[in-house]
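Note sheet for the following structure.
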Amino acid sequence: MRFFHSWQKIPPVYQNAVVAIGNFDGFHKGHRAVVEQAVRIAHKENRPVILMTFEPHPSGFFRPGGRTFRITPIRSKVRAICELPIDAFCVFSFDKHFAEMSPDDFVENVLIKGLHAAHIVVGEDYGFGKNRQGDIAYMRRKYPELPVTAVKKLRDQNGEIISSSRIRAFLRDGEVEKASGLMEHPFEIEGYVIHGAELGRKIGFPTINIVPAESILPRIGVYAASVEIDGKTFKAVANIGYRPTVNGQSVLLEAHILNFDGDLYGRRLRVRLLTFIRPEVRFSSLEELKAQIIKDSRIAERISR
């Protein structure tokens, strides 16, 4: 698979492609439906398939400095997309210039002159151009020579639309199983393992510490989790919060990895949240905290997968 960060000078082999466009945050079932439709059309028309997305997420661009709401950091998104049967992946910078593009500039300069797109596949509520002034009807009306396929939103077994906003709501409520069901994979917090106060080690429960800055902050509390290390998956109990028992000042993810002993400082790891166990609370002593960690670890041992 080829990666492109500009629509300028796309090699001829990737021109005249079927182009699937979207933010693909969380890469849920609805997003997969868009890509699968693009692949079907490409096979039928004997064309390459290109997936186009943007970085940063456009909504994040318009609210700088705020807590990120994105479900899937760019690295996670790339990993998921690399597993798809597509030929190229375009990640275009969503900056001030891009945000101010008119709908016509986007279609004419990016899709037609840049990518030489032969067919566009998007979700049915797709909007583009400055202030999302363009939509599917606009593109079909002004550019009838460029076919556009709109994929209808998928619904779950209860008839509710599968969307990134629903996944975010589940995560904020600690309902990680429901979020994972829509995504078809567990929600992950990814980052580099940093040094902490090492209080966990002192009470017999060493933890890895990760600042959860690259993805949405789920409900504060304790989770059954899993961590993959060198290709092997370990069960874990993870706390996301302010650590009130030790007067923590900022949000941190601390994960005690069950049946593991090793130095992970500086490693980039992914902690998968599987089940919410309990809210974060302040304990009166480290001994009380230790007793609760033992209980949490037993729960995580039973329900982690």
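Labeling convention for the structure tokens: chains A, B, ... as they appear, residues from 1 per chain, ligands from 1 in order of appearance.
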
| request: May I have the residues within 6 Å of Arg272 in chain A as a list in words, using only C-alpha atoms and disregarding those fewer than 4 positions away in the same chain? | output: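 Answer for this query is Pro186, Phe187, Glu188, Ala225 and Ser226 of chain A.
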
| Neighbours of Ser164 in chain A within 8 Å (only C-alpha atoms; same-chain residues fewer than 6 positions away dropped), as a PyMOL selection string? | chain A and resi 25-26+28+71

| Which of range 42-122 of chain A fall in helix (DSSP H, G or I), as a count of residues only | 33

| query | Residues of range 164-241 of chain A in strand (DSSP E) according to DSSP, as a list of chain:residue names? | reply |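 Everything in range 164-241 of chain A that counts as strand (DSSP E) is A:Phe187, A:Glu188, A:Ile189, A:Glu190, A:Gly191, A:Tyr192, A:Ile208, A:Asn209, A:Ile210, A:Gly221, A:Val222, A:Tyr223, A:Ala224, A:Ala225, A:Ser226, A:Val227, A:Glu228, A:Ile229, A:Lys232, A:Thr233, A:Phe234, A:Lys235, A:Ala236, A:Val237, A:Ala238, A:Asn239, A:Ile240, A:Gly241.
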
| task | Tell me which of A:Val78, A:Leu252, A:Ile86, A:Ile208 sits closest to His43 in chain A, counting only C-alpha atoms. | result |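 Looking at the shortest contact to His43 in chain A, the residue is A:Ile86.
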
Can you list, as a compact mmCIF listing (two decimals) with C-alpha atoms, in the first residue's frame, every protein, DNA or RNA residue that comes within 12 Å of Ile229 in chain A when you count only C-alpha atoms, leaving out same-chain residues fewer than 3 positions away?
```
# COMPACT_ATOMS: atom_id res chain seq x y z
CA SER A 226 -5.40 -6.20 28.31
CA LYS A 232 1.73 -11.80 23.74
CA THR A 233 -1.47 -10.55 25.38
CA PHE A 234 -1.53 -10.04 29.14
CA LYS A 235 -4.53 -9.37 31.34
CA ALA A 236 -4.42 -6.12 33.31
CA ILE A 257 -0.19 -6.09 34.17
CA PHE A 260 4.26 -9.90 34.02
CA ASP A 261 7.58 -8.68 35.33
CA GLY A 262 9.79 -6.52 33.14
CA ASP A 263 11.00 -3.03 32.31
CA LEU A 264 8.67 -1.27 29.90
CA ARG A 267 7.94 1.49 25.18
CA ARG A 268 4.89 2.51 23.20
CA LEU A 269 2.03 0.28 24.33
CA ARG A 270 -1.71 -0.07 23.72
CA VAL A 271 -4.00 -0.69 26.66
```

| request: Write out as a PyMOL selection string each polymer residue whose atoms come within 12 Å of range 46-48 of chain A, counting only C-alpha atoms; drop sequence neighbours fewer than 4 positions from it. | output: chain A and resi 1-2+11-20+38-42+85-89+115-119

| Close residues, His97 in chain A itself excluded, 12 Å, only C-alpha atoms, min 3 positions apart in chain, as number ranges by chain | A: 61, 92-94, 100-102, 105-106, 129-130

Restricting it to C-alpha atoms, dump the selection as a compact mmCIF listing (two decimals), in the first residue's frame.
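As a result, out.txt now contains:
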```
# COMPACT_ATOMS: atom_id res chain seq x y z
CA PHE A 61 -9.00 21.78 14.03
CA PHE A 92 -4.20 15.20 3.82
CA SER A 93 -3.39 18.00 6.23
CA PHE A 94 -6.53 19.76 7.41
CA GLU A 100 -11.31 27.56 3.58
CA MET A 101 -11.50 25.65 0.31
CA SER A 102 -14.80 26.16 -1.47
CA ASP A 105 -12.04 24.03 -5.23
CA PHE A 106 -12.12 20.73 -3.37
CA GLY A 129 -15.84 22.58 1.43
CA LYS A 130 -15.81 25.67 3.63
```

Counting only C-alpha atoms, what is within 8 Å of Cys90 in chain A, bar same-chain residues fewer than 3 positions away, as a short mmCIF file (atom, residue, chain, number, x, y, z; two decimals) with N, CA and C atoms, in the first residue's frame?
```
data_model
loop_
_atom_site.label_atom_id
_atom_site.label_comp_id
_atom_site.auth_asym_id
_atom_site.auth_seq_id
_atom_site.Cartn_x
_atom_site.Cartn_y
_atom_site.Cartn_z
N PHE A 3 1.30 5.44 0.63
CA PHE A 3 0.77 6.53 1.42
C PHE A 3 1.06 7.85 0.72
N PHE A 4 0.08 8.73 0.70
CA PHE A 4 0.27 10.04 0.10
C PHE A 4 -0.20 11.12 1.06
N HIS A 5 0.58 12.19 1.16
CA HIS A 5 0.22 13.32 2.01
C HIS A 5 -0.11 14.56 1.20
N SER A 6 -0.14 14.41 -0.12
CA SER A 6 -0.50 15.51 -1.01
C SER A 6 -1.24 14.95 -2.21
N ILE A 50 -8.62 3.91 -3.36
CA ILE A 50 -7.89 4.86 -2.50
C ILE A 50 -8.80 5.28 -1.36
N LEU A 51 -8.25 5.32 -0.17
CA LEU A 51 -8.98 5.84 0.98
C LEU A 51 -8.39 7.19 1.35
N MET A 52 -9.26 8.20 1.48
CA MET A 52 -8.82 9.56 1.80
C MET A 52 -9.36 9.97 3.17
N THR A 53 -8.45 10.47 4.01
CA THR A 53 -8.87 11.02 5.30
C THR A 53 -8.04 12.26 5.60
#
```
